[in-house]
Structures are given as structure tokens and as C-alpha cells.
$ cat work21.txt   # compact mmCIF, C-alpha atoms
# COMPACT_ATOMS: atom_id res chain seq x y z
CA MET A 1 -9.51 -10.55 9.16
CA LYS A 2 -11.78 -7.50 9.04
CA GLU A 3 -12.45 -5.90 5.68
CA LEU A 4 -13.34 -2.66 3.95
CA ILE A 5 -15.42 -2.42 0.78
CA LEU A 6 -14.03 -0.71 -2.32
CA ASN A 7 -16.23 1.59 -4.40
CA ASN A 8 -16.92 -1.29 -6.82
CA GLY A 9 -18.17 -3.57 -4.03
CA ILE A 10 -15.01 -5.68 -3.73
CA LYS A 11 -13.96 -6.58 -0.19
CA ILE A 12 -10.36 -5.89 0.88
CA PRO A 13 -8.77 -6.95 4.19
CA LYS A 14 -7.81 -4.07 6.49
CA LEU A 15 -4.43 -5.65 7.24
CA GLY A 16 -2.08 -6.86 4.55
CA LEU A 17 1.46 -8.17 4.23
CA GLY A 18 3.85 -5.87 2.42
CA THR A 19 6.70 -7.59 0.60
CA TRP A 20 9.08 -4.72 -0.22
CA PHE A 21 12.69 -5.83 0.28
CA ILE A 22 11.73 -9.50 0.71
CA ASP A 23 13.88 -11.33 -1.83
CA ASP A 24 12.28 -13.42 -4.54
CA ASP A 25 13.77 -16.63 -3.11
CA LYS A 26 12.48 -15.86 0.41
CA VAL A 27 9.06 -14.35 -0.17
CA GLU A 28 7.34 -17.70 -0.85
CA LYS A 29 8.08 -18.87 2.68
CA ALA A 30 7.01 -15.50 4.11
CA ILE A 31 3.64 -15.72 2.38
CA ILE A 32 3.08 -19.32 3.48
CA GLU A 33 3.79 -18.33 7.09
CA ALA A 34 1.58 -15.25 6.86
CA VAL A 35 -1.36 -17.20 5.45
CA LYS A 36 -1.00 -19.75 8.27
CA LEU A 37 -1.40 -16.90 10.74
CA GLY A 38 -4.51 -15.59 8.99
CA TYR A 39 -3.26 -13.01 6.50
CA ARG A 40 -5.26 -12.94 3.28
CA HIS A 41 -3.97 -9.71 1.72
CA ILE A 42 -0.56 -9.74 -0.01
CA ASP A 43 1.01 -6.63 -1.56
CA THR A 44 3.85 -6.71 -4.08
CA ALA A 45 5.06 -4.65 -7.06
CA GLN A 46 6.86 -5.09 -10.33
CA ALA A 47 9.68 -2.98 -8.88
CA TYR A 48 10.13 -5.36 -5.93
CA GLU A 49 11.38 -8.06 -8.32
CA ASN A 50 9.74 -10.77 -6.24
CA GLU A 51 6.51 -11.48 -8.13
CA ARG A 52 7.67 -14.97 -9.07
CA GLY A 53 8.20 -15.89 -5.43
CA VAL A 54 4.91 -14.29 -4.47
CA GLY A 55 3.18 -16.45 -7.06
CA LYS A 56 4.79 -19.57 -5.61
CA GLY A 57 3.67 -18.56 -2.14
CA ILE A 58 0.10 -18.12 -3.36
CA LYS A 59 0.19 -21.51 -5.06
CA ASN A 60 1.66 -23.35 -2.08
CA CYS A 61 0.04 -21.60 0.91
CA GLY A 62 -2.76 -24.14 1.27
CA VAL A 63 -5.58 -21.61 0.81
CA GLU A 64 -7.75 -21.30 -2.28
CA ARG A 65 -6.86 -18.44 -4.59
CA LYS A 66 -10.32 -16.88 -4.21
CA GLU A 67 -9.68 -16.47 -0.47
CA LEU A 68 -6.66 -14.22 -1.10
CA PHE A 69 -6.39 -10.58 -2.10
CA ILE A 70 -3.29 -10.00 -4.25
CA THR A 71 -1.96 -6.60 -5.31
CA THR A 72 0.83 -5.60 -7.64
CA LYS A 73 1.93 -2.20 -8.94
CA ILE A 74 2.83 -0.99 -12.41
CA ALA A 75 6.43 0.23 -12.40
CA ALA A 76 6.61 4.00 -11.99
CA GLU A 77 8.74 4.33 -15.10
CA LEU A 78 6.06 2.91 -17.42
CA LYS A 79 4.09 5.88 -18.67
CA ASP A 80 2.34 4.79 -21.87
CA TYR A 81 -0.67 2.60 -22.56
CA GLN A 82 1.01 -0.38 -24.19
CA SER A 83 3.94 -0.79 -21.83
CA ALA A 84 1.62 -0.52 -18.82
CA TYR A 85 -0.87 -3.01 -20.27
CA ASP A 86 1.85 -5.47 -21.27
CA SER A 87 3.52 -5.22 -17.87
CA VAL A 88 0.37 -6.42 -16.11
CA ILE A 89 0.03 -9.33 -18.53
CA LYS A 90 3.66 -10.19 -17.75
CA SER A 91 3.00 -9.95 -14.00
CA LEU A 92 0.13 -12.42 -14.37
CA GLU A 93 2.41 -14.78 -16.29
CA ILE A 94 5.25 -14.46 -13.77
CA MET A 95 2.91 -15.05 -10.83
CA GLN A 96 1.00 -17.78 -12.71
CA LEU A 97 -2.33 -16.18 -11.89
CA ASP A 98 -5.53 -15.85 -13.90
CA TYR A 99 -6.34 -12.48 -12.35
CA LEU A 100 -5.10 -9.92 -9.85
CA ASP A 101 -7.32 -8.46 -7.16
CA LEU A 102 -5.78 -5.01 -7.39
CA VAL A 103 -3.28 -3.30 -9.68
CA ILE A 104 -2.13 0.25 -9.00
CA ILE A 105 0.17 2.80 -10.60
CA HIS A 106 3.24 2.82 -8.34
CA ALA A 107 3.88 6.57 -8.59
CA PRO A 108 2.71 9.53 -10.69
CA GLN A 109 6.27 10.11 -11.89
CA PRO A 110 9.26 7.84 -12.54
CA TRP A 111 11.19 7.45 -9.29
CA ASN A 112 14.17 9.46 -10.51
CA GLU A 113 11.77 12.38 -11.14
CA PHE A 114 9.53 11.84 -8.11
CA ARG A 115 7.81 15.09 -7.08
CA GLY A 116 9.70 16.92 -9.81
CA ASP A 117 8.31 19.68 -12.04
CA LYS A 118 7.10 17.35 -14.80
CA ARG A 119 3.77 15.95 -13.63
CA TYR A 120 3.01 13.31 -16.30
CA PHE A 121 -0.72 14.11 -16.27
CA LYS A 122 -1.26 13.02 -19.88
CA GLU A 123 0.92 9.93 -19.52
CA ASN A 124 -0.86 8.79 -16.36
CA LEU A 125 -4.15 8.95 -18.25
CA GLU A 126 -2.70 6.48 -20.76
CA VAL A 127 -1.65 4.14 -17.97
CA TRP A 128 -5.06 4.51 -16.36
CA LYS A 129 -6.77 3.62 -19.64
CA ALA A 130 -4.69 0.42 -19.73
CA LEU A 131 -5.89 -0.41 -16.23
CA GLU A 132 -9.50 0.28 -17.18
CA ASP A 133 -9.21 -2.09 -20.13
CA LEU A 134 -7.64 -4.81 -17.99
CA TYR A 135 -10.41 -4.30 -15.44
CA GLU A 136 -13.15 -4.58 -18.05
CA LYS A 137 -11.60 -7.81 -19.34
CA GLY A 138 -11.73 -9.30 -15.83
CA LEU A 139 -7.96 -9.67 -15.54
CA VAL A 140 -7.94 -7.17 -12.68
CA LYS A 141 -10.70 -6.95 -10.07
CA ALA A 142 -9.84 -3.45 -8.81
CA ILE A 143 -7.58 -0.60 -9.94
CA GLY A 144 -5.95 2.27 -8.13
CA LEU A 145 -3.07 4.62 -7.51
CA SER A 146 -0.07 5.04 -5.26
CA ASN A 147 1.74 8.18 -4.11
CA PHE A 148 -0.72 10.36 -6.08
CA LEU A 149 -1.20 13.88 -4.72
CA ILE A 150 -4.58 15.61 -4.86
CA ASP A 151 -4.06 17.19 -8.28
CA ASP A 152 -2.70 13.88 -9.60
CA MET A 153 -5.93 12.22 -8.44
CA GLU A 154 -8.09 15.02 -9.83
CA ASN A 155 -6.49 14.47 -13.23
CA ILE A 156 -7.54 10.82 -13.19
CA ILE A 157 -11.01 11.38 -11.72
CA SER A 158 -11.85 14.16 -14.19
CA ASN A 159 -10.94 12.04 -17.20
CA CYS A 160 -11.59 8.44 -16.23
CA HIS A 161 -14.27 5.96 -17.18
CA ILE A 162 -13.69 3.92 -14.02
CA LYS A 163 -12.93 5.74 -10.78
CA PRO A 164 -9.82 4.82 -8.74
CA MET A 165 -10.58 2.48 -5.86
CA VAL A 166 -7.46 3.04 -3.73
CA ASN A 167 -4.53 5.36 -3.26
CA GLN A 168 -1.61 3.72 -1.50
CA PHE A 169 0.40 6.28 0.43
CA LEU A 170 3.05 6.72 3.12
CA VAL A 171 0.97 7.01 6.32
CA HIS A 172 2.05 6.52 9.90
CA ILE A 173 2.20 8.23 13.29
CA ARG A 174 4.27 11.41 12.82
CA ASN A 175 3.48 11.49 9.11
CA THR A 176 -0.24 11.57 8.40
CA PRO A 177 -1.21 13.37 5.16
CA PHE A 178 -4.66 14.46 6.30
CA ASP A 179 -5.27 16.48 3.12
CA VAL A 180 -4.82 13.41 0.92
CA ILE A 181 -6.79 11.17 3.27
CA ASN A 182 -9.68 13.66 3.45
CA TYR A 183 -9.76 14.04 -0.32
CA CYS A 184 -9.82 10.28 -0.78
CA ASN A 185 -12.59 9.91 1.78
CA LYS A 186 -14.71 12.54 -0.01
CA ASN A 187 -14.23 10.69 -3.29
CA ASN A 188 -14.85 7.19 -1.91
CA ILE A 189 -11.24 6.13 -2.51
CA ILE A 190 -9.73 3.84 0.11
CA VAL A 191 -6.30 4.85 1.44
CA GLU A 192 -3.74 2.10 1.90
CA ALA A 193 -1.00 2.97 4.39
CA TYR A 194 2.39 1.64 3.42
CA SER A 195 5.27 1.75 5.92
CA PRO A 196 2.84 2.13 8.87
CA ILE A 197 5.83 1.74 11.20
CA GLY A 198 7.88 4.38 9.39
CA HIS A 199 10.24 1.77 7.95
CA GLY A 200 11.21 0.89 11.52
CA GLU A 201 12.37 4.34 12.61
CA ILE A 202 9.31 4.83 14.85
CA LEU A 203 10.39 1.89 16.99
CA GLN A 204 12.91 4.19 18.68
CA ASP A 205 10.39 6.96 19.40
CA GLU A 206 10.16 7.54 23.15
CA GLU A 207 6.66 9.06 23.18
CA ILE A 208 5.19 6.32 21.02
CA ASN A 209 6.89 3.66 23.13
CA LYS A 210 5.22 5.12 26.22
CA MET A 211 1.84 4.99 24.51
CA ALA A 212 2.37 1.37 23.45
CA LEU A 213 3.31 0.47 27.02
CA LYS A 214 0.08 2.07 28.26
CA TYR A 215 -1.95 -0.26 26.04
CA GLY A 216 0.24 -3.30 26.69
CA VAL A 217 1.11 -3.74 23.01
CA SER A 218 4.20 -3.40 20.85
CA VAL A 219 5.02 -0.15 19.07
CA SER A 220 4.36 -1.93 15.78
CA ALA A 221 0.88 -3.01 16.85
CA LEU A 222 0.10 0.52 18.06
CA CYS A 223 1.23 2.00 14.74
CA ILE A 224 -0.88 -0.44 12.74
CA LYS A 225 -3.90 0.16 14.95
CA TYR A 226 -3.46 3.91 14.42
CA CYS A 227 -3.64 3.49 10.65
CA ILE A 228 -6.70 1.29 10.87
CA GLU A 229 -8.40 3.78 13.20
CA LEU A 230 -7.78 6.42 10.52
CA GLY A 231 -9.89 4.26 8.21
CA THR A 232 -6.92 3.18 6.10
CA ILE A 233 -5.60 -0.27 5.22
CA ALA A 234 -2.28 -1.07 6.91
CA LEU A 235 0.47 -2.83 4.96
CA PRO A 236 3.36 -3.62 7.32
CA LYS A 237 6.32 -5.37 5.70
CA THR A 238 8.04 -8.32 7.37
CA ALA A 239 9.31 -11.81 6.55
CA ASN A 240 9.49 -12.75 10.24
CA PRO A 241 6.52 -14.85 11.46
CA ILE A 242 6.98 -13.51 15.01
CA HIS A 243 6.55 -9.96 13.75
CA MET A 244 3.68 -11.01 11.49
CA LYS A 245 1.82 -12.38 14.50
CA ASP A 246 2.57 -9.32 16.61
CA ASN A 247 1.31 -7.04 13.83
CA MET A 248 -2.04 -8.80 14.08
CA ASN A 249 -2.35 -7.91 17.78
CA ILE A 250 -4.71 -5.01 17.12
CA ASP A 251 -7.81 -6.16 18.97
CA PHE A 252 -7.79 -3.17 21.31
CA GLU A 253 -9.32 0.29 21.24
CA LEU A 254 -7.45 3.59 21.26
CA ASN A 255 -9.36 6.10 23.35
CA GLU A 256 -10.24 9.35 21.61
CA GLU A 257 -7.79 11.47 23.59
CA ASP A 258 -4.83 9.22 22.81
CA PHE A 259 -5.81 8.92 19.15
CA LYS A 260 -5.93 12.72 18.80
CA TYR A 261 -2.61 13.00 20.61
CA LEU A 262 -0.96 10.60 18.17
CA GLN A 263 -2.39 12.60 15.28
CA SER A 264 -0.89 15.81 16.70
CA LEU A 265 2.71 14.62 17.04
CA ASP A 266 5.32 16.46 15.00
CA LYS A 267 6.42 15.04 11.67
CA ILE A 268 9.29 12.57 11.82
CA GLU A 269 12.63 14.27 11.20
CA ASN A 270 14.78 11.42 9.94
CA TYR A 271 14.07 8.04 8.35
CA GLY A 272 17.66 6.86 8.77
CA LYS A 273 18.90 4.68 5.95
CA SER A 274 15.52 4.93 4.25
CA GLU A 275 16.17 8.62 3.45
CA ILE A 276 17.69 7.45 0.15
CA PHE A 277 14.22 6.44 -1.13
CA PRO A 278 12.17 9.20 -2.81
CA CYS A 279 8.98 8.60 -0.87
CA TYR A 280 10.75 9.22 2.47
CA LYS A 281 12.22 12.51 1.27
CA GLU A 282 8.80 13.87 0.41
CA GLY A 283 7.92 17.18 1.97
CA LYS A 284 11.39 17.88 3.31

$ encode --input "work21.txt" --output "C-alpha cells"
Amino acid sequence: MKELILNNGIKIPKLGLGTWFIDDDKVEKAIIEAVKLGYRHIDTAQAYENERGVGKGIKNCGVERKELFITTKIAAELKDYQSAYDSVIKSLEIMQLDYLDLVIIHAPQPWNEFRGDKRYFKENLEVWKALEDLYEKGLVKAIGLSNFLIDDMENIISNCHIKPMVNQFLVHIRNTPFDVINYCNKNNIIVEAYSPIGHGEILQDEEINKMALKYGVSVSALCIKYCIELGTIALPKTANPIHMKDNMNIDFELNEEDFKYLQSLDKIENYGKSEIFPCYKEGK
């Protein structure tokens, strides 16, 4: 599995397994199957309510802990130092781990206020300080953000002791936030692309299906390759080993013309059932 290097020198696999909506009693099996196929990067969150199962999968996957890259996210609603710090300690206990490879702030605002007028700049600095302290104690190997806009990131960067290493964001064909990606690139912050297949809605896209057919790959593989070509880390979510294997089928090259064409496609209009989630409403 190819890797990128974070700004603190830590290596992170370019392709990871997202675990959103994989139930706690099913995620262990999903991780075991993924690791068998070659995945070494697992992404979860406190809000997913499956950290216990993720921990079991890590323990029982047959690969040494040091070979895996494990991420969790501080719940978006936790906006003070102590609750953020304690939540990571609890995540370690739940997952039965001595350390986490990456912990990120799930969103700059609580989900029920996502992209609202209150920006939580001061509160996010408290949460960031908790992450810095956990990092300096060796309990967390890397720290970062998720869903942070440019001014959210500027707030952290201007006041931090340790610079963010990632910003995990919604990125896929027909929704590529070039402004955020460019800002992250300029500041040596790796972008992680969650929902690289648009939570499944892209699978029905006629133009993208034609492009996938041209390269002899699935739409999912094309979408993941697109994110990786952007220089981001792709985090497709699936509990199905067949889909896991297909998502790894990215050993092909997009020619420059096709890559630019995919970047130019209009923004997706409708995420279907996923419209109920704040991150899919963004920008509408």
C-alpha cells in the first residue's frame, strides 16, 4: 500500500478503510477481511459508536499493531479542553490500544450547528491544545482536523504549538473543494478524502460510468483513483470484501485530459438519502 508522509515524518497509507455506518458488532469482521486484502489504514470516530469493534478487529486481524494506521475523531460536540482530552483517553480504553496513529477534530462546530454563524474559534483552540498535549505524551502519533474551512484552519495554525497534519474533508468527482485543497497543500497539511464515491450516488452518474468503462475499471475504483491523483488520501467505506478488493484496483493511470475533465464536471445536485447529513448539505 503506497504512502504519503505527514509534516511530522509519519507515514500514512494513501488508501484507508472508512467505517462509518458499520455497526459495532460487524466492524471487527470487516477489518479482519480488509487487513487480509492488504489494507493497513483504518478510520473510525467516536460518533460512529463502533470503536469497540474496531479495537477487536485490530487485535484479531493477524497483523502487528505497529503495521496498522488507526484514526479516530473527537466528537464534534466536545468543545472544551478537558472533555476532548478525556474522550481520547476513553477511546484508547474502548479500543484497548496504547496509542492512536491519528486523532482529529470531527468538525469545527457541533453537528446541529454545522456551518452556522457561531464559529467556535476559541473553543477549537482548547480542543487543539488537548490534542497537542496527547501528542506530546505519545498517546497520539499525529493530530489533525476534519471539515475545517480555510478560516477555521487559519485559527488553529495562527495559535498552535503543533501544526495540523491532516484535514479530512468531503472530496470526490463532482465535489472537489480546490480552495481547501490548495490551502492545505501550501501549508503542508495532507487532505483526506472521505466519501470518495459520494456516498454511492456517483455510481449512477452516466458520464463517470463512461469514463470508468474506458479504463476498464469500476466507478468506485475510478473515483478513488481520482482522489489519489489529487494528492489526497482516499477513505472509501464498505464492509463488503468484494468491494474492498475492487476499491484497491487503482493500479492504472488517468491521462491528463481525462483527469482535467473529471475536475471540471458540475457539482453533484443530490446525495439522495444522505442529504439528511450536514456535510452533504454544505454549499447548497

$ residues_around --input "work21.txt" --residues "Leu134 in chain A" --least-positions-apart "6" --cutoff "12 Å" --atoms "all atoms listed in the file" --output "JSON, numbers by chain"
{"A": [81, 82, 84, 85, 86, 87, 88, 89, 92, 98, 99, 100, 101, 102, 103, 104, 127, 128, 140, 141, 142, 143, 162]}

$ residues_around --input "work21.txt" --residues "Gln109 in chain A" --least-positions-apart "3" --cutoff "8 Å" --atoms "only C-alpha atoms" --output "PyMOL selection string"
chain A and resi 76-77+113-116+118-120

$ write_last_selection --input "work21.txt" --atoms "C-alpha atoms" --output "CSV table (one decimal), keeping the file's coordinate frame"
chain,number,residue,atom,x,y,z
A,76,ALA,CA,6.6,4.0,-12.0
A,77,GLU,CA,8.7,4.3,-15.1
A,113,GLU,CA,11.8,12.4,-11.1
A,114,PHE,CA,9.5,11.8,-8.1
A,115,ARG,CA,7.8,15.1,-7.1
A,116,GLY,CA,9.7,16.9,-9.8
A,118,LYS,CA,7.1,17.4,-14.8
A,119,ARG,CA,3.8,16.0,-13.6
A,120,TYR,CA,3.0,13.3,-16.3

$ atom_distance --input "work21.txt" --atom1 "CA of Tyr215 in chain A" --atom2 "CA of Ile181 in chain A"
25.9 Å

$ closest_residue --input "work21.txt" --among "A:Leu15, A:Ala130, A:Met153, A:Ala45" --to "Cys227 in chain A" --atoms "only C-alpha atoms"
A:Leu15

$ residues_around --input "work21.txt" --residues "Gly144 in chain A" --least-positions-apart "5" --cutoff "12 Å" --atoms "only C-alpha atoms" --output "VMD selection string"
chain A and resid 6 to 8 71 to 74 101 to 108 124 127 to 132 135 153 156 to 157 160 162 to 169 184 188 to 192

$ closest_residue --input "work21.txt" --among "A:Ile31, A:Ala234, A:Leu145, A:Met248" --to "Ser218 in chain A" --atoms "all atoms listed in the file"
A:Met248

$ residues_around --input "work21.txt" --residues "Ile208 in chain A" --least-positions-apart "6" --cutoff "12 Å" --atoms "only C-alpha atoms" --output "list in words"
His172, Ile173, Arg174, Ile197, Glu201, Ile202, Lys214, Tyr215, Val217, Ser218, Val219, Ser220, Ala221, Leu222, Cys223, Tyr226, Asp258, Phe259, Tyr261, Leu262, Gln263, Leu265, Asp266 and Ile268 of chain A

$ atom_distance --input "work21.txt" --atom1 "CA of Arg40 in chain A" --atom2 "CA of Phe69 in chain A"
6.0 Å

$ closest_residue --input "work21.txt" --among "A:Asn270, A:Phe277, A:Leu37, A:Gly53" --to "Ile242 in chain A" --atoms "only C-alpha atoms"
A:Leu37

$ closest_residue --input "work21.txt" --among "A:Leu68, A:Ala75, A:Ile22, A:Ile94" --to "Glu51 in chain A" --atoms "only C-alpha atoms"
A:Ile94

$ closest_residue --input "work21.txt" --among "A:Gly216, A:Phe252, A:Gly18, A:Ile12" --to "Pro196 in chain A" --atoms "only C-alpha atoms"
A:Gly18

$ closest_residue --input "work21.txt" --among "A:Asn240, A:Glu229, A:Pro177, A:Cys61" --to "Glu256 in chain A" --atoms "only C-alpha atoms"
A:Glu229
